[in-house]
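Undergrad: This is protein.tsv (TSV, C-alpha atoms and all ligand atoms).
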```
chain	number	residue	atom	x	y	z
A	124	MET	CA	17.53	7.08	9.19
A	125	ALA	CA	14.71	4.75	10.28
A	126	GLU	CA	11.21	6.18	10.60
A	127	ASP	CA	9.47	5.71	13.92
A	128	ARG	CA	5.75	6.28	14.50
A	129	ASN	CA	6.02	10.07	14.54
A	130	THR	CA	8.79	10.92	12.10
A	131	LEU	CA	9.28	10.92	8.35
A	132	THR	CA	12.59	11.00	6.49
A	133	PRO	CA	12.35	13.13	3.34
A	134	ARG	CA	15.36	11.57	1.50
A	135	GLY	CA	14.52	8.99	-1.14
A	136	LYS	CA	10.86	9.92	-1.46
A	137	ALA	CA	9.91	10.26	-5.10
A	138	ASP	CA	7.87	13.42	-4.94
A	139	PRO	CA	8.74	17.09	-5.50
A	140	PHE	CA	7.52	18.23	-2.08
A	141	TRP	CA	9.75	15.80	-0.20
A	142	ASN	CA	12.66	16.46	-2.58
A	143	SER	CA	12.48	20.17	-1.78
A	144	VAL	CA	12.31	19.42	1.98
A	145	ALA	CA	15.44	17.23	1.62
A	146	SER	CA	17.19	19.94	-0.44
A	147	PHE	CA	17.17	22.15	2.68
A	148	GLY	CA	19.32	19.53	4.40
A	149	ILE	CA	16.44	18.34	6.59
A	150	ASP	CA	16.91	14.66	7.47
A	151	GLU	CA	13.92	14.03	9.62
A	152	ILE	CA	10.64	15.80	10.34
A	153	PHE	CA	8.38	15.27	13.28
A	154	VAL	CA	4.67	14.97	12.41
A	155	LEU	CA	1.47	14.67	14.38
A	156	PRO	CA	0.51	10.97	14.74
A	157	GLU	CA	-2.88	11.56	13.06
A	158	TRP	CA	-1.15	12.96	9.93
A	159	ILE	CA	1.44	10.27	9.48
A	160	SER	CA	-0.42	7.80	7.24
A	161	GLU	CA	-1.71	10.65	5.07
A	162	LEU	CA	1.79	12.09	4.62
A	163	LYS	CA	3.21	8.66	3.88
A	164	GLY	CA	0.60	8.38	1.12
A	165	GLU	CA	-1.09	5.41	2.81
A	166	LYS	CA	-4.40	7.19	3.22
A	167	THR	CA	-6.23	9.88	1.24
A	168	PRO	CA	-7.83	12.76	3.16
A	169	SER	CA	-11.09	11.54	4.66
A	170	VAL	CA	-13.46	14.35	3.70
A	171	THR	CA	-13.46	15.24	0.05
A	172	GLY	CA	-15.60	17.60	-1.96
A	173	LYS	CA	-16.68	17.81	-5.57
A	174	GLU	CA	-13.16	18.23	-6.86
A	175	GLY	CA	-11.38	16.23	-4.20
A	176	GLY	CA	-10.71	19.23	-1.92
A	177	ASN	CA	-10.95	18.93	1.84
A	178	ILE	CA	-14.06	21.05	2.36
A	179	SER	CA	-14.34	20.70	6.15
A	180	GLY	CA	-10.65	21.41	6.60
A	181	GLU	CA	-10.83	24.50	4.41
A	182	LEU	CA	-13.93	25.77	6.22
A	183	GLU	CA	-12.20	25.23	9.56
A	184	ALA	CA	-9.17	27.14	8.30
A	185	LEU	CA	-11.50	29.94	7.19
A	186	THR	CA	-13.04	30.04	10.67
A	187	SER	CA	-9.54	30.45	12.12
A	188	ARG	CA	-8.76	33.23	9.66
A	189	VAL	CA	-11.92	35.07	10.74
A	190	GLY	CA	-10.90	34.62	14.38
A	191	ASN	CA	-12.44	37.22	16.66
A	192	CYS	CA	-13.40	39.47	13.71
A	193	ARG	CA	-13.81	43.16	14.51
A	194	ALA	CA	-14.27	44.40	10.93
A	195	CYS	CA	-17.62	46.10	11.63
A	196	ARG	CA	-19.79	47.33	14.51
A	197	LEU	CA	-21.74	44.03	14.69
A	198	CYS	CA	-18.86	42.58	16.72
A	199	GLU	CA	-19.74	44.84	19.64
A	200	GLU	CA	-22.95	43.08	20.72
A	201	ARG	CA	-22.55	39.60	19.31
A	202	ASN	CA	-22.23	36.43	21.37
A	203	SER	CA	-21.28	34.20	18.43
A	204	ILE	CA	-19.99	34.42	14.91
A	205	VAL	CA	-22.50	32.18	13.09
A	206	PHE	CA	-20.66	30.70	10.09
A	207	GLY	CA	-23.31	28.28	8.89
A	208	GLY	CA	-24.38	24.70	9.21
A	209	GLY	CA	-25.50	21.62	7.33
A	210	ASN	CA	-23.69	19.59	4.70
A	211	PRO	CA	-21.07	21.71	2.92
A	212	SER	CA	-20.55	19.09	0.19
A	213	ALA	CA	-24.25	18.89	-0.73
A	214	GLY	CA	-24.01	21.46	-3.50
A	215	ILE	CA	-27.08	23.42	-2.33
A	216	LEU	CA	-26.42	26.67	-0.49
A	217	PHE	CA	-29.19	28.63	1.25
A	218	ILE	CA	-28.25	32.19	2.20
A	219	GLY	CA	-30.25	34.21	4.74
A	220	GLU	CA	-29.84	37.69	6.09
A	221	GLY	CA	-28.10	37.44	9.44
A	222	PRO	CA	-28.34	35.59	12.74
A	223	GLY	CA	-31.21	36.44	15.08
A	224	ALA	CA	-31.25	36.26	18.88
A	225	ASN	CA	-31.46	32.43	19.07
A	226	GLU	CA	-28.79	31.95	16.42
A	227	ASP	CA	-26.51	34.41	18.22
A	228	ILE	CA	-26.83	32.40	21.44
A	229	GLN	CA	-26.54	28.93	19.88
A	230	GLY	CA	-23.97	29.81	17.21
A	231	LYS	CA	-26.04	28.02	14.53
A	232	PRO	CA	-28.11	29.42	11.64
A	233	PHE	CA	-31.91	29.32	11.48
A	234	VAL	CA	-32.67	27.71	14.85
A	235	GLY	CA	-35.59	29.99	15.79
A	236	ARG	CA	-39.17	30.18	14.44
A	237	ALA	CA	-38.06	31.10	10.91
A	238	GLY	CA	-35.69	28.14	11.03
A	239	LYS	CA	-38.49	25.73	11.98
A	240	LEU	CA	-40.49	26.99	9.01
A	241	LEU	CA	-37.43	26.65	6.76
A	242	ASP	CA	-37.19	23.00	7.88
A	243	LYS	CA	-40.80	22.46	6.74
A	244	ILE	CA	-40.11	24.14	3.41
A	245	LEU	CA	-37.07	21.89	2.89
A	246	GLU	CA	-39.07	18.81	3.85
A	247	ALA	CA	-41.72	19.67	1.24
A	248	ILE	CA	-39.13	19.09	-1.48
A	249	ASP	CA	-37.46	16.09	0.21
A	250	LEU	CA	-34.52	18.03	1.66
A	251	ASP	CA	-33.28	18.46	5.21
A	252	ARG	CA	-30.37	20.09	7.05
A	253	ASP	CA	-28.09	17.24	5.96
A	254	SER	CA	-28.76	17.83	2.29
A	255	VAL	CA	-28.11	21.59	2.20
A	256	TYR	CA	-25.71	24.11	3.73
A	257	ILE	CA	-27.21	27.24	5.29
A	258	THR	CA	-25.43	30.50	6.01
A	259	ASN	CA	-26.11	34.25	6.05
A	260	ILE	CA	-24.73	37.35	4.32
A	261	VAL	CA	-23.54	38.65	7.69
A	262	LYS	CA	-22.24	36.29	10.34
A	263	CYS	CA	-23.00	38.42	13.41
A	264	ARG	CA	-26.42	39.45	14.70
A	265	PRO	CA	-27.65	42.91	13.67
A	266	PRO	CA	-29.02	44.34	16.95
A	267	GLY	CA	-32.81	44.19	17.22
A	268	ASN	CA	-32.86	42.00	14.08
A	269	ARG	CA	-32.61	45.04	11.82
A	270	ASN	CA	-31.42	44.55	8.24
A	271	PRO	CA	-27.63	44.52	7.95
A	272	SER	CA	-26.35	47.82	6.55
A	273	PRO	CA	-24.41	47.91	3.26
A	274	ASP	CA	-21.09	48.55	5.04
A	275	GLU	CA	-21.70	45.55	7.35
A	276	VAL	CA	-22.52	43.35	4.35
A	277	ALA	CA	-19.39	44.64	2.59
A	278	ALA	CA	-17.19	43.97	5.65
A	279	CYS	CA	-18.48	40.37	5.85
A	280	TRP	CA	-18.58	39.66	2.11
A	281	TRP	CA	-15.14	38.06	1.87
A	282	ILE	CA	-16.23	35.28	4.24
A	283	LEU	CA	-19.23	34.33	2.11
A	284	GLU	CA	-17.10	34.60	-1.01
A	285	GLU	CA	-14.61	32.17	0.52
A	286	GLN	CA	-17.38	29.79	1.64
A	287	ILE	CA	-18.68	29.70	-1.93
A	288	ARG	CA	-15.19	29.19	-3.36
A	289	ILE	CA	-14.61	26.28	-0.96
A	290	MET	CA	-18.02	24.58	-1.24
A	291	LYS	CA	-18.58	25.20	-4.96
A	292	PRO	CA	-22.37	24.89	-4.69
A	293	GLY	CA	-24.32	23.88	-7.78
A	294	ILE	CA	-27.14	26.21	-6.77
A	295	ILE	CA	-27.73	29.10	-4.37
A	296	VAL	CA	-31.12	29.92	-2.84
A	297	SER	CA	-31.21	33.46	-1.44
A	298	LEU	CA	-33.79	34.13	1.26
A	299	GLY	CA	-35.31	37.62	1.35
A	300	ALA	CA	-34.35	40.96	-0.16
A	301	PRO	CA	-30.95	41.66	1.49
A	302	ALA	CA	-29.51	38.24	0.58
A	303	SER	CA	-31.11	38.25	-2.89
A	304	ARG	CA	-29.85	41.74	-3.70
A	305	THR	CA	-26.38	40.86	-2.46
A	306	MET	CA	-26.20	37.68	-4.53
A	307	THR	CA	-27.69	39.11	-7.73
A	308	GLY	CA	-26.20	42.61	-7.57
A	309	SER	CA	-29.68	44.01	-8.23
A	310	THR	CA	-31.46	46.76	-6.30
A	311	GLU	CA	-34.94	45.39	-7.10
A	312	GLY	CA	-37.32	44.23	-4.37
A	313	ILE	CA	-37.72	40.53	-3.61
A	314	GLY	CA	-41.15	40.51	-5.33
A	315	LYS	CA	-39.41	41.32	-8.61
A	316	LEU	CA	-36.30	39.18	-8.06
A	317	ARG	CA	-38.08	35.94	-7.19
A	318	GLY	CA	-39.59	33.80	-9.90
A	319	SER	CA	-36.56	33.80	-12.17
A	320	ILE	CA	-33.09	32.33	-12.08
A	321	HIS	CA	-30.19	34.74	-11.68
A	322	ARG	CA	-26.44	34.02	-11.65
A	323	TYR	CA	-23.54	34.48	-9.28
A	324	GLY	CA	-20.66	33.80	-11.66
A	325	ASP	CA	-21.73	30.52	-13.22
A	326	ILE	CA	-23.83	29.43	-10.23
A	327	PRO	CA	-27.63	29.72	-10.61
A	328	VAL	CA	-29.25	31.85	-7.89
A	329	LEU	CA	-32.90	31.37	-7.02
A	330	PRO	CA	-34.27	34.18	-4.84
A	331	THR	CA	-37.33	33.57	-2.71
A	332	TYR	CA	-39.10	35.17	0.25
A	333	HIS	CA	-37.48	34.87	3.68
A	334	PRO	CA	-39.30	32.39	5.97
A	335	ALA	CA	-39.68	35.18	8.56
A	336	ALA	CA	-41.77	37.08	5.97
A	337	LEU	CA	-43.97	34.01	5.55
A	338	LEU	CA	-44.57	33.93	9.29
A	339	ARG	CA	-45.96	37.46	8.99
A	340	THR	CA	-47.79	37.14	5.64
A	341	GLN	CA	-49.60	33.89	4.83
A	342	ALA	CA	-50.19	35.02	1.22
A	343	LEU	CA	-46.48	34.52	0.48
A	344	LYS	CA	-46.79	30.76	0.92
A	345	ARG	CA	-47.97	30.22	-2.65
A	346	PRO	CA	-45.11	32.06	-4.39
A	347	VAL	CA	-42.60	30.29	-2.11
A	348	TRP	CA	-44.14	26.95	-3.05
A	349	GLU	CA	-43.82	27.91	-6.75
A	350	ASP	CA	-40.14	28.76	-6.13
A	351	MET	CA	-39.55	25.46	-4.34
A	352	LYS	CA	-41.08	23.51	-7.24
A	353	LYS	CA	-38.68	25.36	-9.53
A	354	LEU	CA	-35.82	24.51	-7.15
A	355	LYS	CA	-36.77	20.84	-7.12
A	356	LYS	CA	-36.75	20.73	-10.94
A	357	LEU	CA	-33.32	22.40	-11.03
A	358	LEU	CA	-31.96	19.99	-8.42
A	359	ASP	CA	-33.07	17.04	-10.52
A	360	GLU	CA	-31.38	18.54	-13.59
A	361	LEU	CA	-28.17	19.24	-11.67
A	362	ASN	CA	-28.26	15.87	-9.89
A	363	LEU	CA	-28.21	17.48	-6.44
A	364	PRO	CA	-27.80	17.10	-3.50
A	365	ARG	CA	-24.36	15.53	-3.76
A	366	THR	CA	-24.31	12.44	-1.61
A	367	GLY	CA	-21.12	12.92	0.48
A	368	LYS	CA	-21.99	13.61	4.11
A	369	ASP	CA	-19.70	16.23	5.55
A	370	LYS	CA	-21.61	17.90	8.33
A	371	ALA	CA	-20.51	21.16	9.93
A	401	LIG	N1	-32.89	34.79	9.85
A	401	LIG	C1	-31.80	34.77	9.04
A	401	LIG	O1	-31.76	35.45	8.02
A	401	LIG	N2	-30.79	33.99	9.38
A	401	LIG	C2	-30.79	33.23	10.46
A	401	LIG	O2	-29.80	32.52	10.69
A	401	LIG	C3	-31.93	33.25	11.28
A	401	LIG	C4	-32.97	34.04	10.97
```
Give the structure from the file, written as structure tokens.

TA:
Amino acid sequence: MAEDRNTLTPRGKADPFWNSVASFGIDEIFVLPEWISELKGEKTPSVTGKEGGNISGELEALTSRVGNCRACRLCEERNSIVFGGGNPSAGILFIGEGPGANEDIQGKPFVGRAGKLLDKILEAIDLDRDSVYITNIVKCRPPGNRNPSPDEVAACWWILEEQIRIMKPGIIVSLGAPASRTMTGSTEGIGKLRGSIHRYGDIPVLPTYHPAALLRTQALKRPVWEDMKKLKKLLDELNLPRTGKDKA
């Protein structure tokens, strides 16, 4: 059977997937036009990550799986589920606490005052939003910007776990106590956690103060700067950020 623009004939294709399709007696399958050259093996997927995976596609699929999540009470007052933003192939993952009012309205992380300060912190070590990915431990706004409760963090944890599995960051920077405790499994305060490198599996985790805390307490600028110098050194050692641009 001849192939037209939108069909593929499984018979005669030398690969196990197509052989198994043919073994079901299927002579012709209809495919979306934008998939056809990929399925014919003429083109490799356009967006590839560290190990050749399709990071954007997998993150999109994760977003669909989350759907209109109602796993905890934060769904009741939210306007948006804020998954994250930046370059998911960069290999550098910043994790904050949870969306605030501006983030909830815009559906993007760190777009308010704390976000502007985070931009300056990134700039100080030659990074920007295109060279990191930024997300939060909970994806919906805790009302009144309170800390997320342990059951809310637990309900949302699988999403962050999946994001990390998909993006395979080379380093994680946790911002503030809730994110740092979640990522290190420690119950210590941020003052004790910062200043050393922890691990999430085999990924180094560098806790530092949350930019919102810096807005309140100028004296925290120095320790954050020390942490950023440490981050810069680690990035050089790990050869990060990865260059592929794959914005979300
Ligand atoms: N604070 C956070 O922890 N996350 C955001 O996205 C914004 C402010």

Undergrad: Rank nothing, just name the residue among A:Val255, A:Ser297, A:Gly214, A:Ser319 nearest to Asn362 of chain A, using only C-alpha atoms.

TA: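 Looking at the shortest contact to Asn362 of chain A, the residue is A:Gly214.
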
Undergrad: Hey, which residues sit close to ligand LIG 401 (chain A)? Say within 9 Å, counting only C-alpha atoms and all ligand atoms, and write them as a PyMOL selection string.

TA: chain A and resi 205+207+218-227+231-238+257-262+264+268+298-299+302+333-335

Undergrad: Atom CA of Arg317 of chain A and atom CA of Pro330 of chain A are how many Å apart?

TA: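 So the two atoms, atom CA of Arg317 of chain A and atom CA of Pro330 of chain A, lie 4.8 Å apart.
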
Undergrad: Which residues come within 8 Å of segment 322-327 of chain A, counting all atoms listed in the file, excluding same-chain residues fewer than 5 positions away, as a VMD selection string?

TA: chain A and resid 292 to 295 306 to 307

Undergrad: With all atoms listed in the file as the atoms that count, which of A:Ile289, A:Met351, A:Leu338, A:Val328 lies nearest to Gly176 of chain A?

TA: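 Going through A:Ile289, A:Met351, A:Leu338, A:Val328 one by one, the smallest distance to Gly176 of chain A is for A:Ile289.
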
Undergrad: How many Å separate atom CA of Ser203 of chain A from atom CA of Trp281 of chain A?

TA: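 So the two atoms, atom CA of Ser203 of chain A and atom CA of Trp281 of chain A, lie 18.1 Å apart.
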
Undergrad: Where's the centre, and what are the edge lengths in Å to one decimal, of a box along x, y and z enclosing all listed atoms of segment 317-334 of chain A padded 5 Å per side, as AutoDock Vina command-line options?

TA:
```
--center_x -30.1 --center_y 32.7 --center_z -3.6 --size_x 28.9 --size_y 16.5 --size_z 29.2
```

Undergrad: Under the rule that only C-alpha atoms are counted, which of A:Leu250, A:Ala300, A:Leu358, A:Leu185 is the nearest residue to Ile287 of chain A?

TA: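 The shortest atom-to-atom distance to Ile287 of chain A comes from A:Leu185.
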
Undergrad: What does the structure give for the distance between atom CA of Ser309 of chain A and atom CA of Glu199 of chain A, in Å to one decimal?

TA: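 About the pair atom CA of Ser309 of chain A and atom CA of Glu199 of chain A: they are 29.6 Å apart.
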
Undergrad: Need to verify the contact set: segment 352-357 of chain A, 9 Å, all atoms listed in the file, exclusion of same-chain residues closer than 5 positions in sequence. Can you return it as an NGL selection string?

TA: :A and (248-249 or 294 or 296 or 318 or 329 or 347 or 362-363)

Undergrad: For a cutoff of 10 Å around the file-coordinate point (-12.2, 23.9, 5.4), which residues qualify once you count only C-alpha atoms? I'd like the result as a PyMOL selection string.

TA: chain A and resi 170+176-187+211+285-286+289-290+371

Undergrad: Compare A:Arg345, A:Arg304, A:Lys243, A:Arg252 by their minimum atom-to-atom distance to Ile215 of chain A, counting only C-alpha atoms, and give me the closest one.

TA: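 Closest to Ile215 of chain A of all the choices is A:Arg252.
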
Undergrad: Rank A:Leu216, A:Arg196, A:Ile313, A:Tyr332 by their smallest atom-to-atom distance to Pro271 of chain A, using only C-alpha atoms, and report the top residue only.

TA: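 So, comparing all the options, the nearest one is A:Arg196.
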